[in-house]
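Before any comments, here is the structure.
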Amino acid sequence: MNEQGDDPYALDTLACRAGSVRTVEQEHSEALFLTSSFCFDSAAQAAERFAGREPGNVYSRFTNPTVRMFEQRLAALEGGERCIATASGMSAILALGLSLLAAGDHVVCSRDVFGATVNLFKNLLGRFGVRTTFVPLTDTRAWAAAIEPATRLLFLESPSNPLTEVADIAALADLAHAHDCLLAVDNCFCTPALQRPLKLGADLIVHSATKYLDGHGRCVGGAIVGPEALLGEKIHNYMRTAGPALSPFNAWVFLKGLETLSLRMGRHSATAARIATFLEQQPRVRRVFHTSLNSHPQHALALRQQRDHGGIVAFEVQGERAAAWRIVDRVRLFSITANLGDAKSTITHPATTTHARITAEERAAMGIGEGLLRLSVGLEDPDDLIADLDRALGAG
Ligand SMILES: *Cc1c(COP(=O)(O)O)cnc(C)c1O
């Protein structure tokens with residue numbers, strides 16, 4: 001089930017079965033190997049394993065069978081040669097930076113990426129001599145203008161958080177390759193159930209498995225997917241040396257999450273589209289952001305590039321912060337939490353939570369106003385969710 005190129009099975013089959021390896025016990029559900037180290041038959045075998053001349057398990061910082069099953073399943077879903085799991089989504093992005101870049105290198109990154117990602121490139125990698133230029137996600141000309149001789153990596157998220165802007169991934173992949181750069185895509189919002197960036201020409205994918213891959217808000221984890229040539233040497237060696245390994249327990253939870261991934265993404269998308277349409281009709285709502293809407297500037301591009309529109313909806317209410325906070329305080333079903341990709345719906349006020357660490361000017365440039373709210377639409381009954389929003393938006 002791990003063949004590359006033309007996948008032998010469709011996505012839903014791979015999501016249930018790819019990467020699964022049975023032990024002699026013939027268990028049907030994947031085994032959870034809660035062990036830090038592994039035993040060798042002889043001193044000679046230990047030497048071979050440590051040197052990497054004989055394949056097999058050594059130590060769970062870089063070899064664990066449960067983690068490997070998760071990696072192989074996610075690689076199959078993304079259509080990548082190799083996957084390396086990490087302790088979190090952020091440690092996946094850090095692994096990418098520290099294993100593929102060096103002092104003097106330059107990165108072009110979309111402005112609208114996850115807040116911690118901005119910090120990671122600007123402040124953390126910045127201290128080690130890697131410079132990053134941030135550009136508007138949808139402005140392909142700005143990407144081209146930002147590329148310098150020292151540029152090695154283009155990094156983006158699509159759709160963006162929270163305004164669901166969509167990048168033309170194929171066009172940016174062409175641009176990257178014309179300048180000998182790599183294109184990495186954070187595929188957290190769509191997951192491979194809705195979007196396969198490697199097929200569009202991207203070189204690398206990063207994931208926060210914490211979100212939809214888990215799907216139930218249980219565990220923190222991440223992953224990098226891409227070619228063996230990049231992951232097999234540099235990123236594997238980084239993981240072995242730096243050690244941000246995924247816990248086998250979390251890998252086991254994610255394996256179970258992947259089995260229902262496309263069912264869940266379909267339902268998240270369908271309910272989110274209904275909610276977006278409902279919100280667009282509300283007099284107190286100024287603007288709604290979801291790629292399912294005809295009013296979305298990249299609606300056509302999303303239809304070409306994605307299988308569906310995903311579960312994140314943002315909307316702007318009249319009356320700025322007070323009005324937005326009032327809705328947050330009045331909903332009963334939506335949880336007030338910044339997590340997303342959960343079966344339970346959540347509501348967030350980005351300007352004072354997820355995007356509070358950046359300046360007001362930067363927020364304004366990104367289009368994140370005080371009246372903006374973000375929903376991560378869960379798997380509850382759509383009518384119950386709409387009734388909850390209707391009441392919260394109401395006059396009373
Ligand atoms: C949450 C998130 C991350 C960071 O992932 P963690 O697992 O929380 O470290 C990165 N990118 C996106 C798009 C996210 O939503």
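Residue numbering restarts at 1 for every chain of the structure tokens, chains are lettered A, B, ... in their displayed order, and ligands are numbered from 1 as they appear.
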
Neighbour list for Gly89 (chain A) as a PyMOL selection string, cut-off 8 Å, only C-alpha atoms, skip fewer than 5 positions in-chain: chain A and resi 206-210+220-223

Generate the output file for the selected residues, N, CA and C atoms, as a PDB file, in the first residue's frame.
ATOM      1  N   VAL A 206       3.609  20.761   4.937  1.00  0.00           N
ATOM      2  CA  VAL A 206       3.647  20.619   6.392  1.00  0.00           C
ATOM      3  C   VAL A 206       2.218  20.557   6.910  1.00  0.00           C
ATOM      4  N   HIS A 207       2.079  19.851   8.029  1.00  0.00           N
ATOM      5  CA  HIS A 207       0.768  19.692   8.658  1.00  0.00           C
ATOM      6  C   HIS A 207       0.843  19.981  10.134  1.00  0.00           C
ATOM      7  N   SER A 208      -0.209  20.617  10.641  1.00  0.00           N
ATOM      8  CA  SER A 208      -0.503  20.521  12.058  1.00  0.00           C
ATOM      9  C   SER A 208      -1.532  19.403  12.171  1.00  0.00           C
ATOM     10  N   ALA A 209      -1.082  18.225  12.600  1.00  0.00           N
ATOM     11  CA  ALA A 209      -1.999  17.080  12.732  1.00  0.00           C
ATOM     12  C   ALA A 209      -3.006  17.305  13.853  1.00  0.00           C
ATOM     13  N   THR A 210      -2.674  18.276  14.707  1.00  0.00           N
ATOM     14  CA  THR A 210      -3.528  18.693  15.818  1.00  0.00           C
ATOM     15  C   THR A 210      -4.947  19.040  15.375  1.00  0.00           C
ATOM     16  N   VAL A 220      -1.642  16.944  20.129  1.00  0.00           N
ATOM     17  CA  VAL A 220      -0.829  17.868  19.346  1.00  0.00           C
ATOM     18  C   VAL A 220       0.198  17.058  18.546  1.00  0.00           C
ATOM     19  N   GLY A 221       0.355  17.389  17.271  1.00  0.00           N
ATOM     20  CA  GLY A 221       1.346  16.700  16.442  1.00  0.00           C
ATOM     21  C   GLY A 221       1.472  17.377  15.098  1.00  0.00           C
ATOM     22  N   GLY A 222       2.457  16.946  14.322  1.00  0.00           N
ATOM     23  CA  GLY A 222       2.654  17.536  13.005  1.00  0.00           C
ATOM     24  C   GLY A 222       3.356  16.576  12.075  1.00  0.00           C
ATOM     25  N   ALA A 223       3.580  17.031  10.852  1.00  0.00           N
ATOM     26  CA  ALA A 223       4.248  16.172   9.869  1.00  0.00           C
ATOM     27  C   ALA A 223       4.768  16.998   8.709  1.00  0.00           C
TER      28      ALA A 223
END

10 Å shell around ligand 1 using only C-alpha atoms and all ligand atoms, listed as a PyMOL selection string: chain A and resi 86-94+112-117+156-162+185-190+206-212+219-223+338-341

Near-Tyr59 (chain A) list (8 Å; only C-alpha atoms; drop same-chain fewer than 5 positions) as JSON, numbers by chain: {"A": [36, 37, 38, 64]}

Alpha helix (DSSP H) call set, DSSP backbone run, region 146-380 of chain A, as a PyMOL selection string: chain A and resi 146+169-178+191-194+228-230+236-242+248-259+261-280+299-305+320-330+360-366

Close residues, Thr260 (chain A) itself excluded, 9 Å, only C-alpha atoms, min 5 positions apart in chain, as number ranges by chain: A: 12, 15-16, 215, 265

If you keep N, CA and C atoms, can you produce a file of those selected residues as a PDB file, in the first residue's frame?
ATOM      1  N   ASP A  12      -9.970   7.285  -0.010  1.00  0.00           N
ATOM      2  CA  ASP A  12     -10.677   6.772   1.171  1.00  0.00           C
ATOM      3  C   ASP A  12     -10.170   5.390   1.587  1.00  0.00           C
ATOM      4  N   ALA A  15      -6.878   5.991   3.290  1.00  0.00           N
ATOM      5  CA  ALA A  15      -7.076   6.598   4.613  1.00  0.00           C
ATOM      6  C   ALA A  15      -7.364   5.540   5.677  1.00  0.00           C
ATOM      7  N   CYS A  16      -7.992   4.450   5.277  1.00  0.00           N
ATOM      8  CA  CYS A  16      -8.301   3.376   6.236  1.00  0.00           C
ATOM      9  C   CYS A  16      -7.169   2.373   6.361  1.00  0.00           C
ATOM     10  N   GLY A 215      -8.861  15.571  14.322  1.00  0.00           N
ATOM     11  CA  GLY A 215     -10.283  15.802  14.082  1.00  0.00           C
ATOM     12  C   GLY A 215     -11.151  15.857  15.315  1.00  0.00           C
ATOM     13  N   MET A 265     -14.332  15.750   6.528  1.00  0.00           N
ATOM     14  CA  MET A 265     -14.087  16.978   5.748  1.00  0.00           C
ATOM     15  C   MET A 265     -15.299  17.302   4.867  1.00  0.00           C
TER      16      MET A 265
END

Test item, strand (DSSP E) assignment across region 81-224 of chain A, answer as a PyMOL selection string: chain A and resi 82-86+106-110+131-135+151-157+182-186+204-208+222-224

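Here the question is which of A:Lys234, A:His216, A:His355, A:Lys199 gets nearest to Phe254 (chain A) using only C-alpha atoms, and that residue is A:His216.
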
12 Å contact set for Leu263 (chain A), only C-alpha atoms, chain neighbours under 6 positions out, as a PDB file with all heavy atoms, in the first residue's frame:
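Writing the result to part_34.pdb gives the following:
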ATOM      1  N   LEU A  11      -8.366   7.530  -2.393  1.00  0.00           N
ATOM      2  CA  LEU A  11      -8.018   8.199  -1.148  1.00  0.00           C
ATOM      3  C   LEU A  11      -8.689   7.578   0.083  1.00  0.00           C
ATOM      4  O   LEU A  11      -8.035   7.356   1.113  1.00  0.00           O
ATOM      5  CB  LEU A  11      -8.402   9.677  -1.265  1.00  0.00           C
ATOM      6  CG  LEU A  11      -7.888  10.544  -0.132  1.00  0.00           C
ATOM      7  CD1 LEU A  11      -6.721  11.393  -0.598  1.00  0.00           C
ATOM      8  CD2 LEU A  11      -8.970  11.425   0.437  1.00  0.00           C
ATOM      9  N   ASP A  12      -9.970   7.285  -0.010  1.00  0.00           N
ATOM     10  CA  ASP A  12     -10.677   6.772   1.171  1.00  0.00           C
ATOM     11  C   ASP A  12     -10.170   5.390   1.587  1.00  0.00           C
ATOM     12  O   ASP A  12     -10.189   5.047   2.773  1.00  0.00           O
ATOM     13  CB  ASP A  12     -12.189   6.720   0.919  1.00  0.00           C
ATOM     14  CG  ASP A  12     -12.793   8.123   0.907  1.00  0.00           C
ATOM     15  OD1 ASP A  12     -12.042   9.090   1.138  1.00  0.00           O
ATOM     16  OD2 ASP A  12     -14.004   8.240   0.655  1.00  0.00           O
ATOM     17  N   THR A  13      -9.728   4.611   0.615  1.00  0.00           N
ATOM     18  CA  THR A  13      -9.180   3.290   0.921  1.00  0.00           C
ATOM     19  C   THR A  13      -7.821   3.450   1.606  1.00  0.00           C
ATOM     20  O   THR A  13      -7.539   2.804   2.622  1.00  0.00           O
ATOM     21  CB  THR A  13      -9.042   2.462  -0.370  1.00  0.00           C
ATOM     22  OG1 THR A  13     -10.315   2.458  -1.029  1.00  0.00           O
ATOM     23  CG2 THR A  13      -8.607   1.043  -0.087  1.00  0.00           C
ATOM     24  N   ALA A  15      -6.878   5.991   3.290  1.00  0.00           N
ATOM     25  CA  ALA A  15      -7.076   6.598   4.613  1.00  0.00           C
ATOM     26  C   ALA A  15      -7.364   5.540   5.677  1.00  0.00           C
ATOM     27  O   ALA A  15      -7.022   5.706   6.843  1.00  0.00           O
ATOM     28  CB  ALA A  15      -8.213   7.612   4.551  1.00  0.00           C
ATOM     29  N   CYS A  16      -7.992   4.450   5.277  1.00  0.00           N
ATOM     30  CA  CYS A  16      -8.301   3.376   6.236  1.00  0.00           C
ATOM     31  C   CYS A  16      -7.169   2.373   6.361  1.00  0.00           C
ATOM     32  O   CYS A  16      -7.028   1.728   7.394  1.00  0.00           O
ATOM     33  CB  CYS A  16      -9.556   2.626   5.801  1.00  0.00           C
ATOM     34  SG  CYS A  16     -11.048   3.614   5.904  1.00  0.00           S
ATOM     35  N   ALA A 193      -7.659  15.304   2.018  1.00  0.00           N
ATOM     36  CA  ALA A 193      -9.011  14.950   1.569  1.00  0.00           C
ATOM     37  C   ALA A 193      -9.562  15.999   0.613  1.00  0.00           C
ATOM     38  O   ALA A 193     -10.389  15.679  -0.250  1.00  0.00           O
ATOM     39  CB  ALA A 193      -9.944  14.789   2.769  1.00  0.00           C
ATOM     40  N   LEU A 194      -9.103  17.251   0.727  1.00  0.00           N
ATOM     41  CA  LEU A 194      -9.654  18.319  -0.114  1.00  0.00           C
ATOM     42  C   LEU A 194      -8.633  18.943  -1.058  1.00  0.00           C
ATOM     43  O   LEU A 194      -9.010  19.600  -2.025  1.00  0.00           O
ATOM     44  CB  LEU A 194     -10.251  19.442   0.756  1.00  0.00           C
ATOM     45  CG  LEU A 194     -11.325  19.063   1.756  1.00  0.00           C
ATOM     46  CD1 LEU A 194     -11.924  20.312   2.396  1.00  0.00           C
ATOM     47  CD2 LEU A 194     -12.434  18.235   1.105  1.00  0.00           C
ATOM     48  N   TYR A 212      -7.380  18.913  11.720  1.00  0.00           N
ATOM     49  CA  TYR A 212      -8.324  17.973  11.117  1.00  0.00           C
ATOM     50  C   TYR A 212      -7.819  16.536  11.056  1.00  0.00           C
ATOM     51  O   TYR A 212      -8.615  15.615  10.957  1.00  0.00           O
ATOM     52  CB  TYR A 212      -8.694  18.424   9.707  1.00  0.00           C
ATOM     53  CG  TYR A 212      -9.554  19.655   9.673  1.00  0.00           C
ATOM     54  CD1 TYR A 212      -9.023  20.885   9.316  1.00  0.00           C
ATOM     55  CD2 TYR A 212     -10.905  19.598  10.001  1.00  0.00           C
ATOM     56  CE1 TYR A 212      -9.809  22.024   9.270  1.00  0.00           C
ATOM     57  CE2 TYR A 212     -11.702  20.721   9.962  1.00  0.00           C
ATOM     58  CZ  TYR A 212     -11.152  21.936   9.601  1.00  0.00           C
ATOM     59  OH  TYR A 212     -11.934  23.060   9.560  1.00  0.00           O
ATOM     60  N   LEU A 213      -6.488  16.314  11.049  1.00  0.00           N
ATOM     61  CA  LEU A 213      -6.023  14.923  10.945  1.00  0.00           C
ATOM     62  C   LEU A 213      -6.460  14.160  12.195  1.00  0.00           C
ATOM     63  O   LEU A 213      -6.958  13.045  12.116  1.00  0.00           O
ATOM     64  CB  LEU A 213      -4.507  14.852  10.748  1.00  0.00           C
ATOM     65  CG  LEU A 213      -3.953  15.596   9.517  1.00  0.00           C
ATOM     66  CD1 LEU A 213      -2.479  15.269   9.315  1.00  0.00           C
ATOM     67  CD2 LEU A 213      -4.737  15.298   8.246  1.00  0.00           C
ATOM     68  N   GLY A 215      -8.861  15.571  14.322  1.00  0.00           N
ATOM     69  CA  GLY A 215     -10.283  15.802  14.082  1.00  0.00           C
ATOM     70  C   GLY A 215     -11.151  15.857  15.315  1.00  0.00           C
ATOM     71  O   GLY A 215     -12.343  16.134  15.208  1.00  0.00           O
ATOM     72  N   GLY A 257      -7.841   8.906  13.433  1.00  0.00           N
ATOM     73  CA  GLY A 257      -8.456  10.102  12.859  1.00  0.00           C
ATOM     74  C   GLY A 257      -8.478  10.053  11.338  1.00  0.00           C
ATOM     75  O   GLY A 257      -9.471  10.404  10.705  1.00  0.00           O
ATOM     76  N   SER A 269     -17.354  20.710   5.448  1.00  0.00           N
ATOM     77  CA  SER A 269     -17.496  21.610   4.298  1.00  0.00           C
ATOM     78  C   SER A 269     -18.966  21.927   4.023  1.00  0.00           C
ATOM     79  O   SER A 269     -19.325  23.092   3.778  1.00  0.00           O
ATOM     80  CB  SER A 269     -16.886  20.985   3.043  1.00  0.00           C
ATOM     81  OG  SER A 269     -15.511  20.741   3.215  1.00  0.00           O
ATOM     82  N   ALA A 270     -19.814  20.901   4.050  1.00  0.00           N
ATOM     83  CA  ALA A 270     -21.229  21.100   3.713  1.00  0.00           C
ATOM     84  C   ALA A 270     -21.900  22.008   4.745  1.00  0.00           C
ATOM     85  O   ALA A 270     -22.634  22.940   4.385  1.00  0.00           O
ATOM     86  CB  ALA A 270     -21.942  19.751   3.644  1.00  0.00           C
ATOM     87  N   ASP A 308     -13.319  20.532  -2.084  1.00  0.00           N
ATOM     88  CA  ASP A 308     -14.451  21.143  -1.376  1.00  0.00           C
ATOM     89  C   ASP A 308     -13.890  22.353  -0.623  1.00  0.00           C
ATOM     90  O   ASP A 308     -12.702  22.666  -0.744  1.00  0.00           O
ATOM     91  CB  ASP A 308     -15.097  20.130  -0.423  1.00  0.00           C
ATOM     92  CG  ASP A 308     -16.596  20.375  -0.258  1.00  0.00           C
ATOM     93  OD1 ASP A 308     -17.031  21.531  -0.408  1.00  0.00           O
ATOM     94  OD2 ASP A 308     -17.329  19.406   0.048  1.00  0.00           O
ATOM     95  N   GLY A 310     -14.008  23.266   2.827  1.00  0.00           N
ATOM     96  CA  GLY A 310     -13.478  23.212   4.183  1.00  0.00           C
ATOM     97  C   GLY A 310     -14.398  23.812   5.231  1.00  0.00           C
ATOM     98  O   GLY A 310     -15.472  24.345   4.919  1.00  0.00           O
ATOM     99  N   ALA A 343     -14.438  18.124  16.027  1.00  0.00           N
ATOM    100  CA  ALA A 343     -15.831  17.753  15.797  1.00  0.00           C
ATOM    101  C   ALA A 343     -16.771  18.770  16.438  1.00  0.00           C
ATOM    102  O   ALA A 343     -17.910  18.939  16.003  1.00  0.00           O
ATOM    103  CB  ALA A 343     -16.099  16.357  16.370  1.00  0.00           C
ATOM    104  N   LEU A 379     -19.082  19.082  13.611  1.00  0.00           N
ATOM    105  CA  LEU A 379     -19.913  18.011  13.047  1.00  0.00           C
ATOM    106  C   LEU A 379     -21.297  17.939  13.694  1.00  0.00           C
ATOM    107  O   LEU A 379     -22.033  16.978  13.485  1.00  0.00           O
ATOM    108  CB  LEU A 379     -19.191  16.659  13.206  1.00  0.00           C
ATOM    109  CG  LEU A 379     -17.797  16.578  12.564  1.00  0.00           C
ATOM    110  CD1 LEU A 379     -17.150  15.220  12.844  1.00  0.00           C
ATOM    111  CD2 LEU A 379     -17.871  16.820  11.051  1.00  0.00           C
TER     112      LEU A 379
END
